[in-house]
Amino acid sequence: MRAMQIPSDHPLLLNIVDDLAACGWSQQNVFLSEALTLELAAECRKRAAEGELAPAAVGRGPAQEIREGIRGDHIQWLEPGQAQACDSYLELMDSLREALNRGLFLGLEDFECHFAMYPPGAFYKRHVDRFRDDDRRMVSAVVYLNEEWLPEQGGQLRMYLNDRGQYDVVPVGGRLVVFLSGEVPHEVMPATRERLSLTGWFRRRGNEPF
Ligand code: OGA
Ligand code: MN
């Protein structure tokens, strides 16, 4: 339907790079078109209805466990070639990856992301996205897929920022939040309705031995 060839010097992407350089985070209120947002939301709901989303685990490798007292979202990782809307999103994020590499010399090699569905009342307690034993995650990127979200419905992303303290983002459809994975503690507040997002991480190469 749509080949999303976004140049990596698009002003929107350069804005994000500048924000990250200046303060370690960025919020873009109109990042995805309404059409792509709706398609991604439909794809996420379809996967949820087909039972493809699974309770998210905390931790990494063999230490992974499901702990709803820490996080209650259900997720599915994206793979290329599954759906046009997802591929469009992955292409867009690849342009952002290039922009970040050019502007910040981060050496980002890939982008991993998953759909996340928080049932009403679910939350994700305060955490940092970088694992203690794996520091490949450099930049976190969350895009919201919710139609007509009202602030009183909750579900804010609450960030603890160096430059402005506690800061809440309402998860409005099409909105993107980007931040340095190792430096911004954050949490997801419970909501009164289902909350959909695509959450991902730009990663650099690991320093495993040869
Ligand atoms: C995460 C996370 C934030 C959000 O999945 O690690 O913090 O707003 N998500 O969904
Ligand atoms: Mn997180």
# chains A, B, ... in the order shown; residues from 1 in each chain; ligands from 1
$ residues_near_ligand --ligand "ligand 2" --cutoff "8 Å" --atoms "only C-alpha atoms and all ligand atoms" --output "PyMOL selection string"
chain A and resi 124+127-129+140+181+185-187
$ closest_atom_pairs --of "chain A" --to "ligand 1" --cutoff "9 Å" --atoms "only C-alpha atoms and all ligand atoms" --output "JSON lines"
{"residue": "A:Ala56", "atom": "CA", "partner": "ligand 1", "partner_atom_place_in_ligand_line": "5 (O)", "distance": 9.0}
{"residue": "A:Arg71", "atom": "CA", "partner": "ligand 1", "partner_atom_place_in_ligand_line": "5 (O)", "distance": 8.7}
{"residue": "A:Asp73", "atom": "CA", "partner": "ligand 1", "partner_atom_place_in_ligand_line": "5 (O)", "distance": 8.2}
{"residue": "A:His114", "atom": "CA", "partner": "ligand 1", "partner_atom_place_in_ligand_line": "5 (O)", "distance": 8.4}
{"residue": "A:Ala116", "atom": "CA", "partner": "ligand 1", "partner_atom_place_in_ligand_line": "10 (O)", "distance": 7.1}
{"residue": "A:Met117", "atom": "CA", "partner": "ligand 1", "partner_atom_place_in_ligand_line": "10 (O)", "distance": 8.7}
{"residue": "A:Tyr118", "atom": "CA", "partner": "ligand 1", "partner_atom_place_in_ligand_line": "10 (O)", "distance": 8.5}
{"residue": "A:Tyr124", "atom": "CA", "partner": "ligand 1", "partner_atom_place_in_ligand_line": "7 (O)", "distance": 6.8}
{"residue": "A:Lys125", "atom": "CA", "partner": "ligand 1", "partner_atom_place_in_ligand_line": "7 (O)", "distance": 8.5}
{"residue": "A:Arg126", "atom": "CA", "partner": "ligand 1", "partner_atom_place_in_ligand_line": "7 (O)", "distance": 8.2}
{"residue": "A:His127", "atom": "CA", "partner": "ligand 1", "partner_atom_place_in_ligand_line": "7 (O)", "distance": 7.3}
{"residue": "A:Val128", "atom": "CA", "partner": "ligand 1", "partner_atom_place_in_ligand_line": "6 (O)", "distance": 7.6}
{"residue": "A:Asp129", "atom": "CA", "partner": "ligand 1", "partner_atom_place_in_ligand_line": "6 (O)", "distance": 5.7}
{"residue": "A:Ser140", "atom": "CA", "partner": "ligand 1", "partner_atom_place_in_ligand_line": "6 (O)", "distance": 8.0}
{"residue": "A:Ala141", "atom": "CA", "partner": "ligand 1", "partner_atom_place_in_ligand_line": "3 (C)", "distance": 8.5}
{"residue": "A:Val142", "atom": "CA", "partner": "ligand 1", "partner_atom_place_in_ligand_line": "4 (C)", "distance": 6.1}
{"residue": "A:Val143", "atom": "CA", "partner": "ligand 1", "partner_atom_place_in_ligand_line": "8 (O)", "distance": 7.9}
{"residue": "A:Tyr144", "atom": "CA", "partner": "ligand 1", "partner_atom_place_in_ligand_line": "10 (O)", "distance": 7.6}
{"residue": "A:Gly155", "atom": "CA", "partner": "ligand 1", "partner_atom_place_in_ligand_line": "8 (O)", "distance": 7.9}
{"residue": "A:Gln156", "atom": "CA", "partner": "ligand 1", "partner_atom_place_in_ligand_line": "8 (O)", "distance": 6.9}
{"residue": "A:Leu157", "atom": "CA", "partner": "ligand 1", "partner_atom_place_in_ligand_line": "8 (O)", "distance": 4.5}
{"residue": "A:Arg158", "atom": "CA", "partner": "ligand 1", "partner_atom_place_in_ligand_line": "8 (O)", "distance": 7.9}
{"residue": "A:Val169", "atom": "CA", "partner": "ligand 1", "partner_atom_place_in_ligand_line": "8 (O)", "distance": 7.9}
{"residue": "A:Val170", "atom": "CA", "partner": "ligand 1", "partner_atom_place_in_ligand_line": "8 (O)", "distance": 8.7}
{"residue": "A:Pro171", "atom": "CA", "partner": "ligand 1", "partner_atom_place_in_ligand_line": "8 (O)", "distance": 7.0}
{"residue": "A:Val177", "atom": "CA", "partner": "ligand 1", "partner_atom_place_in_ligand_line": "8 (O)", "distance": 8.1}
{"residue": "A:Pro185", "atom": "CA", "partner": "ligand 1", "partner_atom_place_in_ligand_line": "7 (O)", "distance": 8.7}
{"residue": "A:His186", "atom": "CA", "partner": "ligand 1", "partner_atom_place_in_ligand_line": "7 (O)", "distance": 6.3}
{"residue": "A:Glu187", "atom": "CA", "partner": "ligand 1", "partner_atom_place_in_ligand_line": "7 (O)", "distance": 5.8}
{"residue": "A:Val188", "atom": "CA", "partner": "ligand 1", "partner_atom_place_in_ligand_line": "8 (O)", "distance": 5.6}
{"residue": "A:Met189", "atom": "CA", "partner": "ligand 1", "partner_atom_place_in_ligand_line": "8 (O)", "distance": 8.6}
{"residue": "A:Arg195", "atom": "CA", "partner": "ligand 1", "partner_atom_place_in_ligand_line": "10 (O)", "distance": 8.3}
{"residue": "A:Leu196", "atom": "CA", "partner": "ligand 1", "partner_atom_place_in_ligand_line": "10 (O)", "distance": 7.8}
{"residue": "A:Ser197", "atom": "CA", "partner": "ligand 1", "partner_atom_place_in_ligand_line": "10 (O)", "distance": 5.9}
{"residue": "A:Leu198", "atom": "CA", "partner": "ligand 1", "partner_atom_place_in_ligand_line": "10 (O)", "distance": 7.5}
{"residue": "A:Thr199", "atom": "CA", "partner": "ligand 1", "partner_atom_place_in_ligand_line": "5 (O)", "distance": 5.6}
{"residue": "A:Gly200", "atom": "CA", "partner": "ligand 1", "partner_atom_place_in_ligand_line": "5 (O)", "distance": 7.7}
$ select_by_dssp --residues "segment 15-173 of chain A" --states "strand (DSSP E)" --output "ChimeraX atom specification"
/A:25-28,54-55,74-77,108-118,124-127,137-144,157-161,165-169
$ write_last_selection --atoms "N, CA and C atoms" --output "short mmCIF file (atom, residue, chain, number, x, y, z; two decimals), in the first residue's frame"
data_model
loop_
_atom_site.label_atom_id
_atom_site.label_comp_id
_atom_site.auth_asym_id
_atom_site.auth_seq_id
_atom_site.Cartn_x
_atom_site.Cartn_y
_atom_site.Cartn_z
N TRP A 25 15.82 13.07 26.01
CA TRP A 25 14.48 12.54 25.69
C TRP A 25 13.78 13.46 24.70
N SER A 26 12.71 12.95 24.08
CA SER A 26 11.97 13.74 23.10
C SER A 26 10.52 13.26 23.06
N GLN A 27 9.62 14.19 22.89
CA GLN A 27 8.20 13.85 22.70
C GLN A 27 7.73 14.47 21.40
N GLN A 28 7.15 13.66 20.51
CA GLN A 28 6.60 14.16 19.25
C GLN A 28 5.12 13.83 19.24
N ALA A 54 1.17 -12.39 24.67
CA ALA A 54 1.42 -13.18 25.87
C ALA A 54 1.85 -12.26 27.01
N PRO A 55 1.55 -12.65 28.26
CA PRO A 55 1.98 -11.82 29.39
C PRO A 55 3.48 -11.55 29.32
N HIS A 74 0.53 -7.30 27.98
CA HIS A 74 0.66 -8.49 27.13
C HIS A 74 1.33 -8.03 25.84
N ILE A 75 2.28 -8.82 25.36
CA ILE A 75 3.10 -8.33 24.24
C ILE A 75 3.24 -9.36 23.12
N GLN A 76 3.62 -8.86 21.95
CA GLN A 76 4.14 -9.73 20.89
C GLN A 76 5.21 -8.97 20.11
N TRP A 77 6.35 -9.61 19.94
CA TRP A 77 7.45 -8.99 19.19
C TRP A 77 7.10 -8.90 17.71
N LEU A 108 24.10 2.48 16.46
CA LEU A 108 22.94 1.62 16.65
C LEU A 108 22.84 0.64 15.50
N GLU A 109 22.72 -0.63 15.83
CA GLU A 109 22.72 -1.67 14.80
C GLU A 109 21.35 -2.21 14.46
N ASP A 110 20.47 -2.25 15.43
CA ASP A 110 19.14 -2.77 15.10
C ASP A 110 18.07 -2.15 16.00
N PHE A 111 16.85 -2.51 15.67
CA PHE A 111 15.68 -2.02 16.42
C PHE A 111 14.79 -3.21 16.71
N GLU A 112 14.49 -3.45 17.96
CA GLU A 112 13.55 -4.52 18.32
C GLU A 112 12.34 -3.87 18.92
N CYS A 113 11.14 -4.36 18.59
CA CYS A 113 9.96 -3.75 19.19
C CYS A 113 8.82 -4.75 19.32
N HIS A 114 7.94 -4.45 20.26
CA HIS A 114 6.76 -5.31 20.46
C HIS A 114 5.50 -4.48 20.62
N PHE A 115 4.38 -5.08 20.19
CA PHE A 115 3.08 -4.53 20.56
C PHE A 115 2.93 -4.75 22.05
N ALA A 116 2.28 -3.79 22.71
CA ALA A 116 1.97 -3.99 24.12
C ALA A 116 0.52 -3.59 24.36
N MET A 117 -0.21 -4.47 25.03
CA MET A 117 -1.60 -4.20 25.39
C MET A 117 -1.69 -4.30 26.91
N TYR A 118 -2.07 -3.17 27.52
CA TYR A 118 -2.30 -3.16 28.97
C TYR A 118 -3.80 -3.25 29.19
N TYR A 124 3.03 -0.81 34.82
CA TYR A 124 4.42 -1.28 34.78
C TYR A 124 5.16 -0.39 35.77
N LYS A 125 5.61 -0.99 36.86
CA LYS A 125 6.26 -0.23 37.93
C LYS A 125 7.54 0.46 37.43
N ARG A 126 7.99 1.42 38.20
CA ARG A 126 9.17 2.21 37.85
C ARG A 126 10.37 1.30 37.54
N HIS A 127 11.02 1.59 36.41
CA HIS A 127 12.17 0.77 35.97
C HIS A 127 13.03 1.58 35.00
N ARG A 137 20.83 -2.00 24.78
CA ARG A 137 19.73 -1.07 24.55
C ARG A 137 20.19 0.36 24.84
N MET A 138 20.14 1.20 23.81
CA MET A 138 20.63 2.57 23.95
C MET A 138 19.49 3.58 24.00
N VAL A 139 18.51 3.40 23.10
CA VAL A 139 17.44 4.39 22.97
C VAL A 139 16.10 3.66 22.94
N SER A 140 15.18 4.09 23.79
CA SER A 140 13.83 3.52 23.84
C SER A 140 12.89 4.39 23.01
N ALA A 141 11.94 3.76 22.34
CA ALA A 141 10.97 4.51 21.52
C ALA A 141 9.59 3.88 21.70
N VAL A 142 8.65 4.68 22.18
CA VAL A 142 7.28 4.18 22.39
C VAL A 142 6.33 5.02 21.57
N VAL A 143 5.49 4.34 20.76
CA VAL A 143 4.47 5.07 20.03
C VAL A 143 3.11 4.53 20.47
N TYR A 144 2.18 5.43 20.68
CA TYR A 144 0.87 5.05 21.22
C TYR A 144 -0.16 4.89 20.11
N LEU A 157 2.54 7.59 30.74
CA LEU A 157 3.93 7.22 30.91
C LEU A 157 4.52 8.28 31.84
N ARG A 158 4.95 7.85 33.02
CA ARG A 158 5.52 8.82 33.98
C ARG A 158 7.03 8.69 33.94
N MET A 159 7.68 9.77 33.50
CA MET A 159 9.15 9.76 33.39
C MET A 159 9.74 10.59 34.52
N TYR A 160 10.92 10.18 34.97
CA TYR A 160 11.64 10.93 36.00
C TYR A 160 12.87 11.53 35.34
N LEU A 161 12.74 12.82 34.97
CA LEU A 161 13.71 13.47 34.10
C LEU A 161 14.65 14.36 34.88
N GLY A 165 12.12 16.93 36.30
CA GLY A 165 11.50 16.12 37.35
C GLY A 165 10.45 15.17 36.79
N GLN A 166 9.43 14.89 37.60
CA GLN A 166 8.39 13.96 37.16
C GLN A 166 7.59 14.57 36.01
N TYR A 167 7.43 13.79 34.93
CA TYR A 167 6.76 14.31 33.75
C TYR A 167 5.87 13.22 33.15
N ASP A 168 4.58 13.54 32.97
CA ASP A 168 3.62 12.55 32.48
C ASP A 168 3.31 12.74 31.00
N VAL A 169 3.29 11.64 30.27
CA VAL A 169 2.87 11.67 28.86
C VAL A 169 1.55 10.91 28.75
#
$ closest_residue --among "A:Thr37, A:Ile6, A:Arg203, A:Asn146" --to "Glu91 of chain A" --atoms "only C-alpha atoms"
A:Ile6
$ atom_distance --atom1 "atom CA of Pro119 of chain A" --atom2 "atom CA of Ala35 of chain A"
23.7 Å
